[in-house]
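One file, data-v7.txt, carrying compact mmCIF, N, CA and C atoms:
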# COMPACT_ATOMS: atom_id res chain seq x y z
N MET R 1 209.68 115.83 105.33
CA MET R 1 208.91 117.04 105.41
C MET R 1 209.78 118.21 104.95
N LYS R 2 209.19 119.04 104.16
CA LYS R 2 209.91 120.19 103.63
C LYS R 2 209.87 121.33 104.64
N THR R 3 211.01 122.00 104.81
CA THR R 3 211.10 123.14 105.71
C THR R 3 211.13 124.44 104.91
N PHE R 4 210.93 125.55 105.63
CA PHE R 4 211.03 126.85 104.99
C PHE R 4 212.43 127.06 104.43
N LYS R 5 213.44 126.57 105.12
CA LYS R 5 214.82 126.64 104.63
C LYS R 5 214.94 125.92 103.28
N ASP R 6 214.32 124.77 103.14
CA ASP R 6 214.33 124.03 101.87
C ASP R 6 213.76 124.89 100.74
N LEU R 7 212.63 125.55 101.02
CA LEU R 7 212.02 126.40 99.99
C LEU R 7 212.95 127.54 99.61
N ILE R 8 213.55 128.19 100.60
CA ILE R 8 214.46 129.30 100.33
C ILE R 8 215.64 128.82 99.49
N THR R 9 216.21 127.70 99.87
CA THR R 9 217.37 127.16 99.16
C THR R 9 217.05 126.79 97.72
N ASP R 10 215.85 126.28 97.48
CA ASP R 10 215.47 125.78 96.16
C ASP R 10 214.83 126.81 95.25
N THR R 11 214.64 128.05 95.72
CA THR R 11 213.87 129.03 94.97
C THR R 11 214.68 130.30 94.74
N ASP R 12 214.67 130.78 93.51
CA ASP R 12 215.39 131.98 93.13
C ASP R 12 214.67 133.24 93.63
N PHE R 13 215.42 134.15 94.23
CA PHE R 13 214.83 135.36 94.79
C PHE R 13 214.12 136.21 93.73
N ALA R 14 214.66 136.28 92.53
CA ALA R 14 214.04 137.12 91.48
C ALA R 14 212.60 136.68 91.22
N GLN R 15 212.34 135.39 91.25
CA GLN R 15 210.98 134.89 91.04
C GLN R 15 210.09 135.18 92.24
N VAL R 16 210.67 135.12 93.45
CA VAL R 16 209.93 135.46 94.66
C VAL R 16 209.56 136.94 94.61
N TRP R 17 210.49 137.78 94.17
CA TRP R 17 210.24 139.22 94.12
C TRP R 17 209.12 139.55 93.13
N GLU R 18 209.05 138.81 92.03
CA GLU R 18 207.96 139.02 91.07
C GLU R 18 206.61 138.81 91.75
N LYS R 19 206.50 137.74 92.54
CA LYS R 19 205.25 137.45 93.25
C LYS R 19 205.00 138.48 94.35
N PHE R 20 206.05 138.88 95.04
CA PHE R 20 205.93 139.87 96.10
C PHE R 20 205.37 141.18 95.54
N SER R 21 205.87 141.57 94.39
CA SER R 21 205.47 142.86 93.80
C SER R 21 203.99 142.90 93.43
N ILE R 22 203.38 141.76 93.19
CA ILE R 22 201.96 141.71 92.84
C ILE R 22 201.09 142.10 94.04
N HIS R 23 201.40 141.58 95.21
CA HIS R 23 200.54 141.77 96.37
C HIS R 23 200.99 142.88 97.32
N TYR R 24 202.24 143.30 97.19
CA TYR R 24 202.76 144.34 98.08
C TYR R 24 203.46 145.44 97.27
N PRO R 25 202.75 146.03 96.32
CA PRO R 25 203.38 147.00 95.42
C PRO R 25 203.91 148.26 96.12
N ASN R 26 203.35 148.58 97.27
CA ASN R 26 203.82 149.76 98.00
C ASN R 26 205.11 149.50 98.77
N LYS R 27 205.64 148.30 98.68
CA LYS R 27 206.90 147.95 99.34
C LYS R 27 208.04 147.73 98.34
N MET R 28 207.83 148.12 97.12
CA MET R 28 208.82 147.86 96.07
C MET R 28 210.13 148.61 96.29
N ASP R 29 210.11 149.67 97.09
CA ASP R 29 211.33 150.42 97.38
C ASP R 29 212.26 149.66 98.33
N ARG R 30 211.84 148.51 98.80
CA ARG R 30 212.64 147.73 99.74
C ARG R 30 213.30 146.52 99.10
N LEU R 31 213.44 146.54 97.80
CA LEU R 31 214.05 145.42 97.07
C LEU R 31 215.40 145.04 97.67
N GLU R 32 216.25 146.01 97.88
CA GLU R 32 217.60 145.72 98.39
C GLU R 32 217.55 145.06 99.77
N LYS R 33 216.67 145.54 100.64
CA LYS R 33 216.55 144.96 101.98
C LYS R 33 216.04 143.52 101.92
N PHE R 34 215.02 143.28 101.09
CA PHE R 34 214.49 141.93 100.97
C PHE R 34 215.51 140.99 100.32
N SER R 35 216.22 141.49 99.34
CA SER R 35 217.24 140.69 98.68
C SER R 35 218.34 140.30 99.67
N SER R 36 218.77 141.25 100.47
CA SER R 36 219.80 140.99 101.48
C SER R 36 219.30 139.98 102.52
N LEU R 37 218.07 140.15 102.98
CA LEU R 37 217.49 139.20 103.93
C LEU R 37 217.43 137.80 103.33
N TYR R 38 217.02 137.71 102.07
CA TYR R 38 216.91 136.42 101.41
C TYR R 38 218.26 135.71 101.38
N GLU R 39 219.31 136.45 101.08
CA GLU R 39 220.66 135.86 101.05
C GLU R 39 221.06 135.39 102.44
N LYS R 40 220.75 136.17 103.47
CA LYS R 40 221.06 135.75 104.84
C LYS R 40 220.32 134.46 105.18
N LEU R 41 219.05 134.40 104.79
CA LEU R 41 218.25 133.20 105.07
C LEU R 41 218.79 131.99 104.32
N ARG R 42 219.26 132.21 103.12
CA ARG R 42 219.78 131.12 102.30
C ARG R 42 220.96 130.44 102.97
N TYR R 43 221.79 131.22 103.69
CA TYR R 43 223.01 130.68 104.29
C TYR R 43 222.92 130.48 105.79
N ALA R 44 221.84 130.90 106.40
CA ALA R 44 221.69 130.76 107.85
C ALA R 44 221.31 129.32 108.21
N LEU R 45 221.65 128.95 109.42
CA LEU R 45 221.28 127.63 109.91
C LEU R 45 219.94 127.71 110.62
N PRO R 46 219.04 126.78 110.32
CA PRO R 46 217.74 126.80 111.00
C PRO R 46 217.86 126.28 112.43
N VAL R 47 216.96 126.76 113.28
CA VAL R 47 216.84 126.23 114.64
C VAL R 47 216.01 124.96 114.56
N HIS R 48 216.38 123.96 115.37
CA HIS R 48 215.61 122.72 115.40
C HIS R 48 214.16 123.00 115.79
N ASN R 49 213.25 122.44 115.05
CA ASN R 49 211.82 122.68 115.20
C ASN R 49 211.26 121.73 116.28
N THR R 50 211.44 122.10 117.54
CA THR R 50 211.07 121.22 118.66
C THR R 50 209.56 121.07 118.84
N THR R 51 208.77 122.03 118.36
CA THR R 51 207.32 121.95 118.53
C THR R 51 206.62 121.47 117.27
N ASN R 52 207.39 121.06 116.26
CA ASN R 52 206.83 120.62 114.98
C ASN R 52 205.91 121.68 114.38
N MET R 53 206.38 122.94 114.39
CA MET R 53 205.61 124.04 113.85
C MET R 53 205.54 123.94 112.33
N TYR R 54 204.32 124.13 111.81
CA TYR R 54 204.07 124.14 110.37
C TYR R 54 203.62 125.54 109.97
N ILE R 55 204.11 126.02 108.85
CA ILE R 55 203.63 127.28 108.28
C ILE R 55 202.48 126.95 107.35
N TYR R 56 201.37 127.63 107.52
CA TYR R 56 200.25 127.46 106.61
C TYR R 56 199.73 128.84 106.21
N ILE R 57 199.07 128.89 105.08
CA ILE R 57 198.52 130.15 104.58
C ILE R 57 197.05 129.96 104.27
N ILE R 58 196.23 130.83 104.86
CA ILE R 58 194.80 130.84 104.57
C ILE R 58 194.55 132.01 103.61
N VAL R 59 193.72 131.77 102.61
CA VAL R 59 193.44 132.78 101.60
C VAL R 59 192.01 133.28 101.80
N PHE R 60 191.87 134.60 101.81
CA PHE R 60 190.58 135.25 102.03
C PHE R 60 190.22 136.13 100.85
N GLN R 61 188.92 136.27 100.67
CA GLN R 61 188.40 137.20 99.67
C GLN R 61 187.18 137.87 100.29
N GLU R 62 186.99 139.13 99.95
CA GLU R 62 185.83 139.85 100.47
C GLU R 62 184.59 139.45 99.69
N SER R 63 183.53 139.11 100.42
CA SER R 63 182.28 138.73 99.76
C SER R 63 181.52 139.99 99.37
N THR R 64 180.42 139.82 98.67
CA THR R 64 179.62 140.96 98.22
C THR R 64 179.05 141.77 99.38
N ASP R 65 178.88 141.14 100.56
CA ASP R 65 178.36 141.87 101.71
C ASP R 65 179.47 142.40 102.63
N GLY R 66 180.72 142.36 102.16
CA GLY R 66 181.84 142.93 102.89
C GLY R 66 182.50 142.02 103.91
N GLU R 67 182.04 140.79 104.01
CA GLU R 67 182.63 139.82 104.93
C GLU R 67 183.82 139.13 104.26
N SER R 68 184.82 138.80 105.05
CA SER R 68 185.96 138.02 104.53
C SER R 68 185.60 136.55 104.58
N ILE R 69 185.78 135.87 103.46
CA ILE R 69 185.50 134.44 103.41
C ILE R 69 186.76 133.70 102.97
N CYS R 70 186.96 132.55 103.57
CA CYS R 70 188.10 131.70 103.23
C CYS R 70 187.80 131.02 101.90
N ILE R 71 188.78 131.05 100.98
CA ILE R 71 188.58 130.39 99.70
C ILE R 71 189.66 129.33 99.49
N LYS R 72 189.31 128.27 98.81
CA LYS R 72 190.22 127.15 98.57
C LYS R 72 190.80 127.17 97.16
N GLU R 73 190.02 127.69 96.21
CA GLU R 73 190.49 127.75 94.82
C GLU R 73 190.61 129.21 94.43
N PHE R 74 191.78 129.57 93.87
CA PHE R 74 192.05 130.96 93.56
C PHE R 74 193.22 131.06 92.59
N ASN R 75 193.36 132.23 92.01
CA ASN R 75 194.52 132.58 91.20
C ASN R 75 195.46 133.34 92.14
N GLU R 76 196.64 132.81 92.39
CA GLU R 76 197.55 133.42 93.36
C GLU R 76 197.97 134.84 93.01
N ASP R 77 197.76 135.25 91.76
CA ASP R 77 198.12 136.60 91.32
C ASP R 77 196.95 137.58 91.39
N ASP R 78 195.81 137.13 91.86
CA ASP R 78 194.63 137.97 91.99
C ASP R 78 194.85 138.98 93.12
N VAL R 79 194.89 140.25 92.81
CA VAL R 79 195.17 141.27 93.83
C VAL R 79 193.98 141.53 94.76
N SER R 80 192.84 140.93 94.50
CA SER R 80 191.68 141.13 95.37
C SER R 80 191.65 140.15 96.53
N ILE R 81 192.59 139.21 96.58
CA ILE R 81 192.61 138.25 97.67
C ILE R 81 193.71 138.61 98.67
N CYS R 82 193.51 138.14 99.90
CA CYS R 82 194.47 138.38 100.99
C CYS R 82 195.00 137.05 101.50
N PHE R 83 196.21 137.09 102.00
CA PHE R 83 196.89 135.89 102.48
C PHE R 83 197.23 136.05 103.96
N ASP R 84 196.86 135.08 104.77
CA ASP R 84 197.16 135.09 106.19
C ASP R 84 198.14 133.96 106.50
N VAL R 85 199.37 134.34 106.83
CA VAL R 85 200.42 133.36 107.15
C VAL R 85 200.39 133.11 108.65
N SER R 86 200.31 131.84 109.04
CA SER R 86 200.26 131.47 110.45
C SER R 86 201.03 130.18 110.66
N GLY R 87 201.07 129.74 111.91
CA GLY R 87 201.73 128.48 112.24
C GLY R 87 200.84 127.60 113.08
N LYS R 88 201.04 126.30 112.96
CA LYS R 88 200.36 125.33 113.82
C LYS R 88 201.43 124.42 114.39
N ASP R 89 201.31 124.14 115.71
CA ASP R 89 202.31 123.30 116.36
C ASP R 89 201.88 121.83 116.38
N ASP R 90 202.62 121.04 117.14
CA ASP R 90 202.34 119.60 117.17
C ASP R 90 200.99 119.26 117.79
N GLU R 91 200.39 120.21 118.49
CA GLU R 91 199.04 120.01 119.02
C GLU R 91 197.99 120.60 118.10
N TRP R 92 198.41 121.09 116.94
CA TRP R 92 197.58 121.72 115.92
C TRP R 92 196.85 122.95 116.45
N THR R 93 197.54 123.63 117.38
CA THR R 93 197.07 124.92 117.86
C THR R 93 197.64 125.98 116.93
N GLY R 94 196.78 126.91 116.48
CA GLY R 94 197.23 127.94 115.55
C GLY R 94 197.84 129.13 116.26
N TYR R 95 198.87 129.71 115.65
CA TYR R 95 199.59 130.84 116.22
C TYR R 95 199.95 131.85 115.15
N SER R 96 200.12 133.09 115.59
CA SER R 96 200.80 134.07 114.75
C SER R 96 202.29 133.77 114.91
N ILE R 97 203.00 133.68 113.82
CA ILE R 97 204.44 133.43 113.89
C ILE R 97 205.23 134.66 113.44
N ALA R 98 204.55 135.78 113.31
CA ALA R 98 205.20 137.01 112.86
C ALA R 98 206.35 137.41 113.78
N SER R 99 206.27 137.09 115.05
CA SER R 99 207.31 137.48 115.99
C SER R 99 208.39 136.42 116.17
N SER R 100 208.34 135.36 115.40
CA SER R 100 209.37 134.31 115.50
C SER R 100 210.70 134.81 114.94
N LYS R 101 211.77 134.38 115.57
CA LYS R 101 213.11 134.68 115.06
C LYS R 101 213.25 134.05 113.67
N PHE R 102 214.03 134.69 112.82
CA PHE R 102 214.21 134.23 111.44
C PHE R 102 214.77 132.81 111.39
N HIS R 103 215.72 132.48 112.29
CA HIS R 103 216.29 131.12 112.29
C HIS R 103 215.23 130.07 112.63
N LYS R 104 214.25 130.47 113.45
CA LYS R 104 213.15 129.54 113.76
C LYS R 104 212.29 129.32 112.52
N TRP R 105 211.99 130.40 111.81
CA TRP R 105 211.21 130.27 110.57
C TRP R 105 211.84 129.23 109.66
N LEU R 106 213.15 129.27 109.53
CA LEU R 106 213.84 128.36 108.62
C LEU R 106 213.62 126.90 108.97
N GLY R 107 213.45 126.59 110.24
CA GLY R 107 213.23 125.21 110.66
C GLY R 107 211.78 124.77 110.63
N TYR R 108 210.86 125.71 110.47
CA TYR R 108 209.44 125.36 110.42
C TYR R 108 209.13 124.53 109.18
N TYR R 109 208.24 123.57 109.35
CA TYR R 109 207.79 122.74 108.24
C TYR R 109 206.76 123.51 107.41
N ILE R 110 206.59 123.05 106.19
CA ILE R 110 205.62 123.67 105.28
C ILE R 110 204.38 122.80 105.22
N ASP R 111 203.24 123.40 105.44
CA ASP R 111 201.97 122.70 105.30
C ASP R 111 201.75 122.38 103.83
N GLU R 112 201.72 121.11 103.51
CA GLU R 112 201.61 120.69 102.11
C GLU R 112 200.31 121.16 101.46
N ASN R 113 199.22 121.20 102.22
CA ASN R 113 197.95 121.67 101.65
C ASN R 113 198.07 123.11 101.18
N SER R 114 198.74 123.95 101.98
CA SER R 114 198.94 125.35 101.58
C SER R 114 199.84 125.43 100.36
N LEU R 115 200.90 124.67 100.37
CA LEU R 115 201.86 124.72 99.27
C LEU R 115 201.25 124.18 97.97
N ASN R 116 200.29 123.28 98.08
CA ASN R 116 199.64 122.74 96.88
C ASN R 116 198.73 123.75 96.21
N THR R 117 198.39 124.85 96.91
CA THR R 117 197.48 125.83 96.34
C THR R 117 198.19 126.99 95.65
N MET R 118 199.52 127.06 95.81
CA MET R 118 200.28 128.17 95.21
C MET R 118 201.71 127.73 94.92
N THR R 119 202.40 128.54 94.16
CA THR R 119 203.79 128.24 93.83
C THR R 119 204.68 128.48 95.04
N ASN R 120 205.87 127.87 95.02
CA ASN R 120 206.85 128.11 96.08
C ASN R 120 207.16 129.60 96.18
N GLU R 121 207.28 130.26 95.03
CA GLU R 121 207.63 131.68 95.00
C GLU R 121 206.58 132.53 95.72
N SER R 122 205.32 132.24 95.47
CA SER R 122 204.25 132.98 96.12
C SER R 122 204.21 132.69 97.61
N PHE R 123 204.37 131.43 97.98
CA PHE R 123 204.38 131.04 99.39
C PHE R 123 205.48 131.79 100.13
N ILE R 124 206.68 131.82 99.57
CA ILE R 124 207.80 132.51 100.20
C ILE R 124 207.54 134.00 100.28
N ALA R 125 207.01 134.59 99.22
CA ALA R 125 206.75 136.03 99.21
C ALA R 125 205.84 136.43 100.38
N HIS R 126 204.79 135.68 100.61
CA HIS R 126 203.88 136.01 101.71
C HIS R 126 204.54 135.77 103.07
N CYS R 127 205.39 134.77 103.16
CA CYS R 127 206.13 134.54 104.40
C CYS R 127 207.11 135.68 104.67
N LEU R 128 207.80 136.15 103.64
CA LEU R 128 208.73 137.26 103.82
C LEU R 128 208.01 138.50 104.34
N TRP R 129 206.82 138.76 103.80
CA TRP R 129 206.04 139.90 104.28
C TRP R 129 205.71 139.70 105.76
N GLU R 130 205.26 138.52 106.12
CA GLU R 130 204.88 138.24 107.51
C GLU R 130 206.10 138.35 108.43
N MET R 131 207.24 137.85 107.99
CA MET R 131 208.45 137.88 108.80
C MET R 131 208.90 139.31 109.12
N THR R 132 208.69 140.22 108.21
CA THR R 132 209.22 141.58 108.35
C THR R 132 208.15 142.60 108.74
N PHE R 133 206.92 142.17 108.86
CA PHE R 133 205.81 143.08 109.09
C PHE R 133 205.96 143.89 110.38
N TYR R 134 206.24 143.23 111.48
CA TYR R 134 206.31 143.92 112.77
C TYR R 134 207.71 144.42 113.11
N TYR R 135 208.73 143.63 112.84
CA TYR R 135 210.07 143.93 113.34
C TYR R 135 211.06 144.31 112.25
N GLY R 136 210.63 144.39 111.02
CA GLY R 136 211.52 144.78 109.95
C GLY R 136 212.50 143.69 109.56
N PHE R 137 213.68 144.10 109.22
CA PHE R 137 214.67 143.19 108.64
C PHE R 137 215.72 142.73 109.63
N ASP R 138 215.58 143.15 110.86
CA ASP R 138 216.53 142.76 111.92
C ASP R 138 215.74 142.13 113.05
N ASP R 139 215.87 140.83 113.21
CA ASP R 139 215.06 140.14 114.21
C ASP R 139 215.70 140.16 115.59
N THR R 140 216.72 140.96 115.81
CA THR R 140 217.30 141.05 117.15
C THR R 140 216.34 141.71 118.12
N GLU R 141 215.36 142.46 117.61
CA GLU R 141 214.37 143.09 118.47
C GLU R 141 213.23 142.12 118.84
N VAL R 142 213.16 140.99 118.17
CA VAL R 142 212.10 140.02 118.42
C VAL R 142 212.36 139.36 119.78
N LYS R 143 211.36 139.34 120.60
CA LYS R 143 211.49 138.73 121.94
C LYS R 143 211.08 137.28 121.89
Write out the structure in this file as structure tokens.
Amino acid sequence: MKTFKDLITDTDFAQVWEKFSIHYPNKMDRLEKFSSLYEKLRYALPVHNTTNMYIYIIVFQESTDGESICIKEFNEDDVSICFDVSGKDDEWTGYSIASSKFHKWLGYYIDENSLNTMTNESFIAHCLWEMTFYYGFDDTEVK
């Protein structure tokens, strides 16, 4: 099973940043912070994944009546779609993993169905956004 650490190790940050810039253009001033975080993640040791947590991404698009609908086929570069990064444990209960420590993220497994719908670079870009959304680039504040 592939872990988030495996994806980070096997994927160049410059390509991840290209994907990040498509969906989060108002965060482009944080290149240095994201680059630094990526390097830390590349060399950090993951925490053992005791709950068999999997990272998965659900893709949504707004319908003509304003409702969000889950879509299975999409162009990952389409700026009209939204990505929801979540986790499922060994009981297949879904969770927000935004508050997880970064070392825990590294040990989480990757949901193959999610990864089959987009490139590694895009998958990582959305995870980086989720990781930093609430607590920024320092997870020492994460409880």
Distance query segment 86-98 of chain R at most 5 Å, only N, CA and C atoms, self and fewer than 3 positions along chain excluded, as a list in words: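 Listing them by chain and then by number gives Thr51, Asn52, Met53, Tyr54, Ile55, Tyr56 and Glu130 of chain R.
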Long-range neighbours of segment 100-105 of chain R as number ranges by chain, 6 Å cut-off, all atoms listed in the file, 6 positions minimum in chain: R: 4-5, 45-47, 139
Members of chain R assigned strand (DSSP E) by DSSP, as a list of chain:residue names: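 Across chain R, those assigned strand (DSSP E) are R:Tyr54, R:Ile55, R:Tyr56, R:Ile57, R:Ile58, R:Val59, R:Phe60, R:Gln61, R:Glu62, R:Ser68, R:Ile69, R:Cys70, R:Ile81, R:Cys82, R:Phe83, R:Asp84, R:Val85, R:Ser86, R:Gly87, R:Lys88, R:Gly94, R:Tyr95, R:Tyr109, R:Ile110.
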Computed interatomic separation between atom N of Leu7 of chain R and atom C of Asn49 of chain R (Å):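 Distance between the two atoms: 15.8 Å.
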Exercise: segment 121-127 of chain R partners within 7 Å, all atoms listed in the file, chain neighbours under 4 positions left out, as a list in words: Thr11, Gln15, Val16, Trp17, Lys19, Phe20, Val85, Leu115, Met131 and Thr132 of chain R
Between atom CA of Ser114 of chain R and atom CA of Lys72 of chain R - distance in Å to one decimal: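 Taking atom CA of Lys72 of chain R as the start and atom CA of Ser114 of chain R as the end point, the length is 9.4 Å.
Among R:Asn116, R:Asp29, R:Ser35, R:Asp138, the residue with the shortest atom-to-atom distance to Ala14 of chain R, counting all atoms listed in the file, is R:Ser35.
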Near-Tyr43 of chain R list (8 Å; all atoms listed in the file; drop same-chain fewer than 5 positions) as a compact mmCIF listing (two decimals) with N, CA and C atoms, in the frame of the given file:
# COMPACT_ATOMS: atom_id res chain seq x y z
N ILE R 8 213.55 128.19 100.60
CA ILE R 8 214.46 129.30 100.33
C ILE R 8 215.64 128.82 99.49
N THR R 9 216.21 127.70 99.87
CA THR R 9 217.37 127.16 99.16
C THR R 9 217.05 126.79 97.72
N LEU R 37 218.07 140.15 102.98
CA LEU R 37 217.49 139.20 103.93
C LEU R 37 217.43 137.80 103.33
N TYR R 38 217.02 137.71 102.07
CA TYR R 38 216.91 136.42 101.41
C TYR R 38 218.26 135.71 101.38
Nearest to Met1 of chain R by atom-to-atom distance, counting all atoms listed in the file, from R:Phe34, R:Phe83, R:Trp129, R:Tyr108: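 Of R:Phe34, R:Phe83, R:Trp129, R:Tyr108, the one nearest Met1 of chain R is R:Tyr108, counting all atoms listed in the file.
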For atom C of Leu41 of chain R and atom C of Thr3 of chain R, the interatomic separation in Å (one decimal): 10.8 Å
Residue among R:Phe60, R:Phe137, R:Tyr109, R:Phe74 lying closest to Lys33 of chain R, counting only C-alpha atoms: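 Under the stated criterion, the closest residue is R:Phe137.
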Residue contacts of segment 62-64 of chain R (8 Å, all atoms listed in the file) excluding same-chain residues fewer than 6 positions away, as a VMD selection string: chain R and resid 70 80 to 82
For segment 11-31 of chain R, which lacks atoms in the input, supply N, CA, C and O atoms and format the output as a compact mmCIF listing (two decimals), in the frame of the given file.
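File selection.txt, as written:
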# COMPACT_ATOMS: atom_id res chain seq x y z
N THR R 11 214.64 128.05 95.72
CA THR R 11 213.87 129.03 94.97
C THR R 11 214.68 130.30 94.74
O THR R 11 215.28 130.83 95.68
N ASP R 12 214.67 130.78 93.51
CA ASP R 12 215.39 131.98 93.13
C ASP R 12 214.67 133.24 93.63
O ASP R 12 213.46 133.38 93.44
N PHE R 13 215.42 134.15 94.23
CA PHE R 13 214.83 135.36 94.79
C PHE R 13 214.12 136.21 93.73
O PHE R 13 213.08 136.80 94.01
N ALA R 14 214.66 136.28 92.53
CA ALA R 14 214.04 137.12 91.48
C ALA R 14 212.60 136.68 91.22
O ALA R 14 211.70 137.52 91.04
N GLN R 15 212.34 135.39 91.25
CA GLN R 15 210.98 134.89 91.04
C GLN R 15 210.09 135.18 92.24
O GLN R 15 208.91 135.48 92.10
N VAL R 16 210.67 135.12 93.45
CA VAL R 16 209.93 135.46 94.66
C VAL R 16 209.56 136.94 94.61
O VAL R 16 208.42 137.31 94.91
N TRP R 17 210.49 137.78 94.17
CA TRP R 17 210.24 139.22 94.12
C TRP R 17 209.12 139.55 93.13
O TRP R 17 208.32 140.46 93.37
N GLU R 18 209.05 138.81 92.03
CA GLU R 18 207.96 139.02 91.07
C GLU R 18 206.61 138.81 91.75
O GLU R 18 205.68 139.59 91.58
N LYS R 19 206.50 137.74 92.54
CA LYS R 19 205.25 137.45 93.25
C LYS R 19 205.00 138.48 94.35
O LYS R 19 203.87 138.93 94.57
N PHE R 20 206.05 138.88 95.04
CA PHE R 20 205.93 139.87 96.10
C PHE R 20 205.37 141.18 95.54
O PHE R 20 204.50 141.80 96.14
N SER R 21 205.87 141.57 94.39
CA SER R 21 205.47 142.86 93.80
C SER R 21 203.99 142.90 93.43
O SER R 21 203.39 143.98 93.40
N ILE R 22 203.38 141.76 93.19
CA ILE R 22 201.96 141.71 92.84
C ILE R 22 201.09 142.10 94.04
O ILE R 22 200.16 142.88 93.89
N HIS R 23 201.40 141.58 95.21
CA HIS R 23 200.54 141.77 96.37
C HIS R 23 200.99 142.88 97.32
O HIS R 23 200.21 143.34 98.16
N TYR R 24 202.24 143.30 97.19
CA TYR R 24 202.76 144.34 98.08
C TYR R 24 203.46 145.44 97.27
O TYR R 24 204.62 145.76 97.50
N PRO R 25 202.75 146.03 96.32
CA PRO R 25 203.38 147.00 95.42
C PRO R 25 203.91 148.26 96.12
O PRO R 25 204.85 148.89 95.64
N ASN R 26 203.35 148.58 97.27
CA ASN R 26 203.82 149.76 98.00
C ASN R 26 205.11 149.50 98.77
O ASN R 26 205.64 150.40 99.42
N LYS R 27 205.64 148.30 98.68
CA LYS R 27 206.90 147.95 99.34
C LYS R 27 208.04 147.73 98.34
O LYS R 27 209.09 147.23 98.71
N MET R 28 207.83 148.12 97.12
CA MET R 28 208.82 147.86 96.07
C MET R 28 210.13 148.61 96.29
O MET R 28 211.17 148.22 95.78
N ASP R 29 210.11 149.67 97.09
CA ASP R 29 211.33 150.42 97.38
C ASP R 29 212.26 149.66 98.33
O ASP R 29 213.37 150.11 98.59
N ARG R 30 211.84 148.51 98.80
CA ARG R 30 212.64 147.73 99.74
C ARG R 30 213.30 146.52 99.10
O ARG R 30 213.69 145.58 99.80
N LEU R 31 213.44 146.54 97.80
CA LEU R 31 214.05 145.42 97.07
C LEU R 31 215.40 145.04 97.67
O LEU R 31 215.67 143.87 97.93
